[in-house]
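For reference, start-v8.txt (compact mmCIF, C-alpha atoms):
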```txt
# COMPACT_ATOMS: atom_id res chain seq x y z
CA MET C 1 0.00 0.00 0.00
CA THR C 2 1.15 3.51 -0.67
CA THR C 3 -1.28 5.29 1.60
CA ASN C 4 1.41 6.33 4.07
CA GLN C 5 3.47 8.05 1.46
CA ILE C 6 3.23 11.80 1.23
CA LYS C 7 1.93 12.77 -2.17
CA THR C 8 1.71 16.08 -3.98
CA VAL C 9 -1.62 16.91 -5.59
CA LEU C 10 -2.07 19.71 -8.10
CA VAL C 11 -5.58 21.18 -8.01
CA ALA C 12 -6.17 22.88 -11.39
CA ASP C 13 -9.39 24.91 -11.47
CA ASP C 14 -10.13 28.51 -12.44
CA SER C 15 -12.61 28.81 -9.57
CA ARG C 16 -10.92 29.77 -6.31
CA VAL C 17 -13.89 28.32 -4.44
CA ALA C 18 -13.54 24.98 -6.21
CA ARG C 19 -9.81 24.90 -5.42
CA MET C 20 -10.48 25.71 -1.79
CA MET C 21 -13.07 22.93 -1.48
CA ALA C 22 -10.84 20.37 -3.19
CA ARG C 23 -7.95 21.30 -0.91
CA THR C 24 -10.11 20.99 2.22
CA PHE C 25 -11.59 17.61 1.32
CA ILE C 26 -8.24 16.10 0.26
CA LEU C 27 -6.52 17.30 3.45
CA ASP C 28 -9.39 15.92 5.56
CA ILE C 29 -8.39 12.46 4.36
CA HIS C 30 -4.64 12.93 3.82
CA PRO C 31 -3.51 15.72 6.21
CA GLN C 32 0.16 15.21 5.32
CA TRP C 33 -0.17 15.63 1.58
CA ASN C 34 1.06 18.71 -0.27
CA ILE C 35 -1.58 20.57 -2.23
CA ILE C 36 -0.52 22.97 -4.94
CA GLU C 37 -2.84 25.00 -7.15
CA ALA C 38 -3.20 26.32 -10.67
CA SER C 39 -5.93 28.65 -11.92
CA ASN C 40 -5.63 27.91 -15.64
CA GLY C 41 -4.13 25.43 -18.09
CA LEU C 42 -0.78 27.15 -18.63
CA GLU C 43 -0.25 27.49 -14.89
CA ALA C 44 -1.04 23.81 -14.47
CA ILE C 45 1.57 22.87 -17.07
CA ALA C 46 4.11 25.19 -15.40
CA GLN C 47 3.40 23.64 -11.99
CA VAL C 48 3.97 20.17 -13.44
CA ARG C 49 7.39 21.27 -14.72
CA ILE C 50 8.38 22.88 -11.41
CA LYS C 51 6.75 20.74 -8.73
CA ALA C 52 6.26 17.36 -10.44
CA PRO C 53 3.00 16.46 -8.66
CA ASP C 54 1.95 12.82 -8.28
CA TYR C 55 -1.72 13.48 -8.90
CA ILE C 56 -3.85 16.18 -10.54
CA THR C 57 -7.49 17.10 -10.15
CA MET C 58 -8.27 18.90 -13.42
CA ASP C 59 -11.21 21.19 -14.14
CA TYR C 60 -12.58 21.02 -17.69
CA ASN C 61 -13.91 24.53 -18.29
CA MET C 62 -10.95 26.93 -17.88
CA PRO C 63 -10.29 30.29 -19.53
CA ASP C 64 -7.24 29.43 -21.64
CA MET C 65 -7.61 25.74 -22.52
CA ASN C 66 -10.01 22.95 -21.74
CA GLY C 67 -8.88 20.37 -19.22
CA ILE C 68 -8.58 17.60 -21.82
CA ASN C 69 -6.04 19.62 -23.83
CA VAL C 70 -4.13 20.50 -20.66
CA ALA C 71 -4.09 16.84 -19.61
CA GLU C 72 -2.78 15.78 -23.03
CA GLN C 73 0.13 18.21 -22.77
CA ILE C 74 0.90 17.19 -19.20
CA LEU C 75 0.91 13.49 -20.04
CA GLN C 76 3.40 14.22 -22.83
CA LEU C 77 5.68 15.83 -20.23
CA ASP C 78 5.25 13.00 -17.73
CA SER C 79 3.10 10.00 -18.54
CA LYS C 80 3.23 8.74 -14.93
CA ILE C 81 1.14 11.56 -13.48
CA VAL C 82 -2.34 10.36 -12.56
CA ILE C 83 -5.06 12.82 -13.56
CA ALA C 84 -8.73 12.92 -12.59
CA MET C 85 -10.99 15.25 -14.58
CA PHE C 86 -13.55 17.14 -12.49
CA THR C 87 -16.37 18.54 -14.54
CA ALA C 88 -20.08 19.19 -14.71
CA ASN C 89 -19.69 18.75 -18.47
CA VAL C 90 -20.64 15.10 -18.24
CA GLN C 91 -21.72 14.68 -21.87
CA ALA C 92 -20.63 11.39 -23.42
CA LEU C 93 -18.06 13.09 -25.68
CA THR C 94 -16.10 14.51 -22.74
CA ARG C 95 -16.19 11.18 -20.90
CA ASP C 96 -14.91 9.38 -24.01
CA GLN C 97 -12.07 11.86 -24.44
CA ALA C 98 -11.02 11.40 -20.82
CA GLU C 99 -11.23 7.63 -21.10
CA SER C 100 -9.09 7.56 -24.24
CA LEU C 101 -6.36 9.45 -22.37
CA GLY C 102 -6.58 7.04 -19.43
CA ILE C 103 -7.63 9.75 -17.02
CA GLY C 104 -10.31 9.52 -14.36
CA PHE C 105 -13.67 11.22 -14.76
CA VAL C 106 -15.54 12.65 -11.77
CA ALA C 107 -18.76 14.65 -11.99
CA LYS C 108 -18.78 18.01 -10.23
CA PRO C 109 -19.75 19.41 -7.73
CA ILE C 110 -16.69 18.97 -5.57
CA THR C 111 -17.90 17.25 -2.42
CA GLU C 112 -16.45 14.84 0.09
CA ALA C 113 -17.91 12.02 -2.01
CA SER C 114 -16.55 13.18 -5.37
CA ILE C 115 -13.09 13.84 -3.91
CA GLY C 116 -13.30 10.30 -2.46
CA GLN C 117 -13.88 8.99 -6.01
CA ALA C 118 -10.82 10.85 -7.29
CA LEU C 119 -8.65 9.59 -4.42
CA ALA C 120 -9.80 6.02 -5.10
CA PHE C 121 -8.87 6.49 -8.75
CA PHE C 122 -5.42 7.82 -7.77
CA ALA C 123 -4.87 4.88 -5.43
CA SER C 124 -5.91 2.40 -8.12
CA LYS C 125 -3.27 3.78 -10.48
CA SER C 126 -0.40 3.99 -7.98
CA MET R 1 -41.47 34.96 -39.58
CA THR R 2 -44.16 33.00 -37.84
CA PRO R 3 -43.32 30.75 -34.96
CA PRO R 4 -43.01 27.11 -35.95
CA GLU R 5 -45.91 24.95 -34.91
CA LEU R 6 -45.06 22.04 -32.69
CA SER R 7 -47.13 18.90 -32.63
CA GLU R 8 -48.37 17.72 -29.28
CA LEU R 9 -45.94 14.81 -29.45
CA GLN R 10 -42.97 17.07 -30.21
CA LEU R 11 -43.88 19.37 -27.36
CA ASP R 12 -44.31 16.42 -25.04
CA ALA R 13 -40.90 15.02 -26.06
CA LEU R 14 -39.28 18.42 -25.55
CA VAL R 15 -40.75 18.73 -22.06
CA GLU R 16 -39.63 15.21 -21.22
CA ILE R 17 -36.08 15.77 -22.49
CA PHE R 18 -35.88 19.05 -20.64
CA ASN R 19 -37.23 17.39 -17.49
CA ILE R 20 -34.41 14.86 -17.56
CA GLY R 21 -31.83 17.61 -18.03
CA VAL R 22 -33.26 19.64 -15.20
CA GLY R 23 -33.45 16.53 -13.04
CA GLN R 24 -29.69 16.17 -13.50
CA ALA R 25 -29.24 19.85 -12.62
CA ALA R 26 -31.39 19.42 -9.50
CA SER R 27 -29.30 16.46 -8.44
CA SER R 28 -26.15 18.60 -8.75
CA MET R 29 -27.80 21.43 -6.83
CA SER R 30 -28.89 19.04 -4.13
CA GLN R 31 -25.30 17.78 -3.72
CA ILE R 32 -24.10 21.37 -3.35
CA VAL R 33 -26.60 22.45 -0.71
CA GLY R 34 -27.09 19.08 1.00
CA GLU R 35 -30.87 19.05 0.85
CA GLU R 36 -33.63 18.01 -1.47
CA VAL R 37 -34.45 20.37 -4.32
CA ALA R 38 -38.06 20.64 -5.50
CA LEU R 39 -38.78 21.26 -9.18
CA SER R 40 -41.79 22.73 -10.95
CA VAL R 41 -43.13 21.45 -14.26
CA PRO R 42 -41.15 23.04 -17.10
CA VAL R 43 -42.80 25.75 -19.16
CA ILE R 44 -41.93 25.95 -22.83
CA GLU R 45 -42.88 29.02 -24.79
CA ILE R 46 -42.10 30.29 -28.25
CA LEU R 47 -41.77 34.06 -28.26
CA SER R 48 -41.42 36.21 -31.33
CA GLY R 49 -40.23 39.81 -31.63
CA VAL R 50 -38.99 40.07 -28.07
CA ASN R 51 -35.48 40.51 -26.77
CA GLN R 52 -33.94 38.30 -24.14
CA THR R 53 -34.49 40.82 -21.36
CA ASP R 54 -38.24 40.90 -22.05
CA ALA R 55 -38.32 37.13 -22.40
CA ILE R 56 -36.74 36.66 -19.00
CA GLY R 57 -38.78 39.47 -17.50
CA SER R 58 -41.91 37.63 -18.60
CA VAL R 59 -41.15 34.72 -16.28
CA ILE R 60 -39.11 36.30 -13.47
CA HIS R 61 -41.28 38.61 -11.45
CA ASN R 62 -38.62 39.98 -9.14
CA PRO R 63 -36.84 42.70 -11.15
CA ARG R 64 -33.63 42.55 -9.10
CA ILE R 65 -31.74 39.35 -9.74
CA CYS R 66 -28.52 37.53 -9.16
CA ALA R 67 -27.81 35.44 -12.23
CA VAL R 68 -25.14 33.35 -13.87
CA SER R 69 -25.26 32.88 -17.62
CA GLN R 70 -23.38 30.68 -20.03
CA ASP R 71 -23.37 30.32 -23.80
CA PHE R 72 -23.59 26.84 -25.27
CA THR R 73 -22.57 26.18 -28.87
CA GLY R 74 -22.53 23.04 -30.98
CA GLY R 75 -25.48 20.87 -32.03
CA MET R 76 -27.74 23.58 -30.67
CA ASN R 77 -26.83 27.10 -29.63
CA ALA R 78 -28.42 28.41 -26.48
CA LYS R 79 -27.93 30.94 -23.77
CA ALA R 80 -28.66 29.50 -20.35
CA PHE R 81 -29.37 31.36 -17.13
CA LEU R 82 -29.47 30.34 -13.51
CA ILE R 83 -31.40 33.10 -11.75
CA PHE R 84 -32.07 33.84 -8.09
CA PRO R 85 -33.84 36.81 -6.54
CA GLU R 86 -31.21 39.28 -5.32
CA GLY R 87 -30.25 38.74 -1.69
CA LYS R 88 -31.19 35.08 -1.55
CA THR R 89 -27.87 33.63 -2.59
CA ARG R 90 -25.76 34.04 0.55
CA GLU R 91 -27.38 31.04 2.20
CA ILE R 92 -26.68 28.82 -0.82
CA VAL R 93 -23.02 29.82 -0.81
CA ARG R 94 -22.84 29.26 2.95
CA ARG R 95 -24.15 25.75 2.50
CA MET R 96 -21.70 25.07 -0.31
CA LEU R 97 -18.66 26.26 1.64
CA GLY R 98 -19.63 24.91 5.05
CA GLU R 99 -19.74 26.36 8.56
CA SER R 100 -16.00 26.96 8.88
CA VAL R 101 -16.02 29.94 6.52
CA SER R 102 -16.30 33.39 8.18
CA ALA R 103 -18.86 36.01 7.16
CA ASP R 104 -16.10 38.13 5.56
CA GLU R 105 -14.78 35.24 3.53
CA LEU R 106 -18.32 34.35 2.56
CA SER R 107 -19.06 37.78 1.17
CA ASP R 108 -15.64 37.84 -0.51
CA MET R 109 -16.28 34.55 -2.26
CA GLU R 110 -19.97 34.86 -3.03
CA GLN R 111 -19.56 35.88 -6.66
CA GLU R 112 -17.03 33.17 -7.44
CA ALA R 113 -18.99 30.54 -5.61
CA LEU R 114 -22.17 31.39 -7.51
CA SER R 115 -20.32 31.38 -10.83
CA GLU R 116 -19.11 27.88 -10.02
CA ILE R 117 -22.62 26.80 -8.98
CA GLY R 118 -23.98 28.21 -12.27
CA ASN R 119 -21.28 26.41 -14.22
CA ILE R 120 -22.11 23.10 -12.55
CA ILE R 121 -25.87 23.35 -12.82
CA LEU R 122 -26.06 24.68 -16.37
CA ASN R 123 -23.45 22.23 -17.65
CA SER R 124 -25.02 19.21 -16.00
CA CYS R 125 -28.39 20.14 -17.47
CA PHE R 126 -26.95 20.73 -20.93
CA SER R 127 -24.90 17.53 -20.82
CA SER R 128 -27.93 15.34 -20.37
CA LEU R 129 -29.90 17.26 -23.02
CA SER R 130 -27.02 16.78 -25.46
CA ASP R 131 -26.60 13.10 -24.73
CA LEU R 132 -30.32 12.44 -25.18
CA LEU R 133 -30.28 14.29 -28.48
CA HIS R 134 -26.94 12.78 -29.59
CA THR R 135 -25.26 16.14 -30.07
CA ASN R 136 -22.14 17.69 -28.58
CA PHE R 137 -21.52 21.14 -27.16
CA GLN R 138 -18.93 23.54 -25.91
CA SER R 139 -19.67 26.08 -23.21
CA SER R 140 -18.32 29.53 -22.43
CA LEU R 141 -17.08 30.46 -18.98
CA PRO R 142 -19.87 31.54 -16.61
CA THR R 143 -20.76 35.24 -16.40
CA TYR R 144 -22.12 36.72 -13.16
CA HIS R 145 -24.86 39.37 -13.16
CA LEU R 146 -26.27 41.28 -10.18
CA GLY R 147 -28.93 44.01 -10.34
CA LEU R 148 -31.99 44.92 -12.35
CA ILE R 149 -32.80 42.48 -15.16
CA GLY R 150 -32.80 45.28 -17.72
CA ASP R 151 -29.42 46.58 -16.56
CA VAL R 152 -27.47 43.40 -16.08
CA LEU R 153 -28.48 41.36 -19.10
CA PRO R 154 -27.06 42.55 -22.40
CA ALA R 155 -29.85 43.91 -24.59
CA GLN R 156 -30.38 42.35 -28.00
CA GLU R 157 -32.11 43.84 -30.98
CA SER R 158 -35.43 42.19 -31.55
CA HIS R 159 -35.45 40.99 -35.13
CA ASP R 160 -37.78 38.50 -36.70
CA GLU R 161 -35.08 35.87 -36.63
CA ASN R 162 -34.82 36.46 -32.91
CA LEU R 163 -37.59 34.07 -32.31
CA LEU R 164 -36.89 32.67 -28.91
CA LEU R 165 -37.64 29.33 -27.41
CA LEU R 166 -37.99 29.89 -23.72
CA LEU R 167 -37.58 26.91 -21.44
CA HIS R 168 -38.30 27.84 -17.87
CA ILE R 169 -38.40 25.94 -14.61
CA ASN R 170 -38.64 26.92 -10.97
CA PHE R 171 -36.76 25.09 -8.31
CA ALA R 172 -36.96 25.50 -4.57
CA LEU R 173 -34.96 24.61 -1.49
CA PRO R 174 -37.93 24.11 0.83
CA ASN R 175 -35.98 24.32 4.11
CA ASP R 176 -34.52 27.70 3.25
CA LYS R 177 -37.45 29.17 1.35
CA ILE R 178 -35.15 29.90 -1.57
CA SER R 179 -36.38 29.51 -5.10
CA GLY R 180 -34.54 29.97 -8.36
CA HIS R 181 -35.08 29.70 -12.07
CA LEU R 182 -33.41 27.98 -14.97
CA VAL R 183 -34.00 29.67 -18.31
CA PHE R 184 -32.76 28.53 -21.70
CA LEU R 185 -33.10 30.77 -24.73
CA LEU R 186 -32.65 29.41 -28.24
CA THR R 187 -32.79 31.44 -31.41
CA LEU R 188 -34.76 30.15 -34.41
CA PRO R 189 -31.99 28.31 -36.34
CA SER R 190 -31.06 26.49 -33.16
CA PHE R 191 -34.68 25.87 -32.42
CA ASN R 192 -35.15 24.18 -35.79
CA ALA R 193 -32.05 22.09 -35.19
CA LEU R 194 -33.45 21.14 -31.79
CA ILE R 195 -36.77 20.09 -33.31
CA ASP R 196 -34.94 17.95 -35.89
CA GLN R 197 -33.16 16.27 -33.04
CA VAL R 198 -36.39 15.86 -31.09
CA ASP R 199 -37.90 14.15 -34.18
CA GLN R 200 -34.93 11.80 -34.38
CA PHE R 201 -35.31 11.11 -30.69
CA LEU R 202 -39.00 10.31 -31.19
CA ASN R 203 -38.14 8.00 -34.09
CA SER R 204 -35.58 6.18 -32.00
CA VAL R 205 -38.10 5.79 -29.19
CA HIS R 206 -40.68 4.43 -31.61
CA GLY R 207 -38.06 2.18 -33.15
CA ASN R 208 -38.89 3.01 -36.77
```
Output the structure of this file as structure tokens.
Amino acid sequence: MTTNQIKTVLVADDSRVARMMARTFILDIHPQWNIIEASNGLEAIAQVRIKAPDYITMDYNMPDMNGINVAEQILQLDSKIVIAMFTANVQALTRDQAESLGIGFVAKPITEASIGQALAFFASKS
Amino acid sequence: MTPPELSELQLDALVEIFNIGVGQAASSMSQIVGEEVALSVPVIEILSGVNQTDAIGSVIHNPRICAVSQDFTGGMNAKAFLIFPEGKTREIVRRMLGESVSADELSDMEQEALSEIGNIILNSCFSSLSDLLHTNFQSSLPTYHLGLIGDVLPAQESHDENLLLLLHINFALPNDKISGHLVFLLTLPSFNALIDQVDQFLNSVHGN
């Protein structure tokens, strides 16, 4: 099991409120983990280069790029990063795109339960 | 241009499809606020020669609103609004963020929190509409509006082609006596595309 290891999670979301909620719910379960944030796609890519997170929770609807495009670029930089897409855009097309990239898909809103789904996905891929 | 006539079956299908979309939106809303959300029966109206402000004013009787809007493009183009009466939104944001947030933080974050709520609710509704109709969409970022309907919503010229399909539903959080509205506006070309898709949906349901 890897649950005792300290992980770094990048929370990429243009909504400050969504980032705050994700941070709170992740730390409730893993108080030791490092949470870093990005408020758009380019920032997320920059954070991956600098901080090399283990996991990413990725919003879909962001001002500069959509989360699928950001995830594609990040996986080219480091294919080992585990990404879970968080979105209310749950149309089949978006799900299929996420699936084809091998990334998790979690329906917003961000709640204790949906963060739990993302953490289970991360654990399953570690 | 005269408004297109819908058959009873088409109208029924449209209401049913919209009901499913709104049901998804209500489920998202309920997860955000942690209580059951009650929905009214959807109202579908075809309006000609009116602008979007008048269209919304015709169903929202409180002139001062707090609203989040989003543009959807793709298989059908629509402008969607999540609308609350002004002053009723603080409690929703408080429920979303939890008890640990101070009053100052709450007021500081209200606009962002509501934009995120709008994004979630409008997208979840549109996602299920699109999947039922086998179309795809993209959405803009949410825009926040606060004030008089006529001031905060961008005015549009009312042309003939600005025939609007108005889909309207009320929802309520019974414990908090808060009610809100979901409004979708489609222009005529999108409306025709929607009806084509509704016909295909009906055919698929009938299996012929």
Residue hits in chain R, query chain C, radius 6 Å, only C-alpha atoms, as a compact mmCIF listing (two decimals) with C-alpha atoms, in the frame of the given file:
```txt
# COMPACT_ATOMS: atom_id res chain seq x y z
CA ALA R 113 -18.99 30.54 -5.61
CA ILE R 120 -22.11 23.10 -12.55
CA ASN R 123 -23.45 22.23 -17.65
CA SER R 124 -25.02 19.21 -16.00
CA SER R 127 -24.90 17.53 -20.82
CA ASP R 131 -26.60 13.10 -24.73
```
Could you tell me which of R:Ala78, R:Ile32, R:Leu146, R:Ile117 comes closest to Glu112 of chain C if we count all atoms listed in the file?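 Checking each of R:Ala78, R:Ile32, R:Leu146, R:Ile117 against Glu112 of chain C, counting all atoms listed in the file, the winner is R:Ile32.
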Surrounding residues of Phe121 of chain C excluding itself and chain neighbours under 3 positions, 9 Å, all atoms listed in the file, as a short mmCIF file (atom, residue, chain, number, x, y, z; two decimals) with C-alpha atoms, in the frame of the given file:
```cif
data_model
loop_
_atom_site.label_atom_id
_atom_site.label_comp_id
_atom_site.auth_asym_id
_atom_site.auth_seq_id
_atom_site.Cartn_x
_atom_site.Cartn_y
_atom_site.Cartn_z
CA VAL C 82 -2.34 10.36 -12.56
CA ILE C 83 -5.06 12.82 -13.56
CA ALA C 84 -8.73 12.92 -12.59
CA ILE C 103 -7.63 9.75 -17.02
CA GLY C 104 -10.31 9.52 -14.36
CA GLY C 116 -13.30 10.30 -2.46
CA GLN C 117 -13.88 8.99 -6.01
CA ALA C 118 -10.82 10.85 -7.29
CA SER C 124 -5.91 2.40 -8.12
CA LYS C 125 -3.27 3.78 -10.48
CA SER C 126 -0.40 3.99 -7.98
#
```
Selection: 12 Å around Ile6 of chain C, all atoms listed in the file, excl. self and same-chain fewer than 3 positions, as a list of chain:residue names: C:Thr2, C:Thr3, C:Val9, C:Leu27, C:His30, C:Pro31, C:Gln32, C:Trp33, C:Asn34, C:Ile35, C:Pro53, C:Asp54, C:Tyr55
Work out how far atom CA of Pro42 of chain R is from atom CA of Ile56 of chain R, in Å to one decimal.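 Straight-line distance from atom CA of Ile56 of chain R to atom CA of Pro42 of chain R works out to 14.4 Å.
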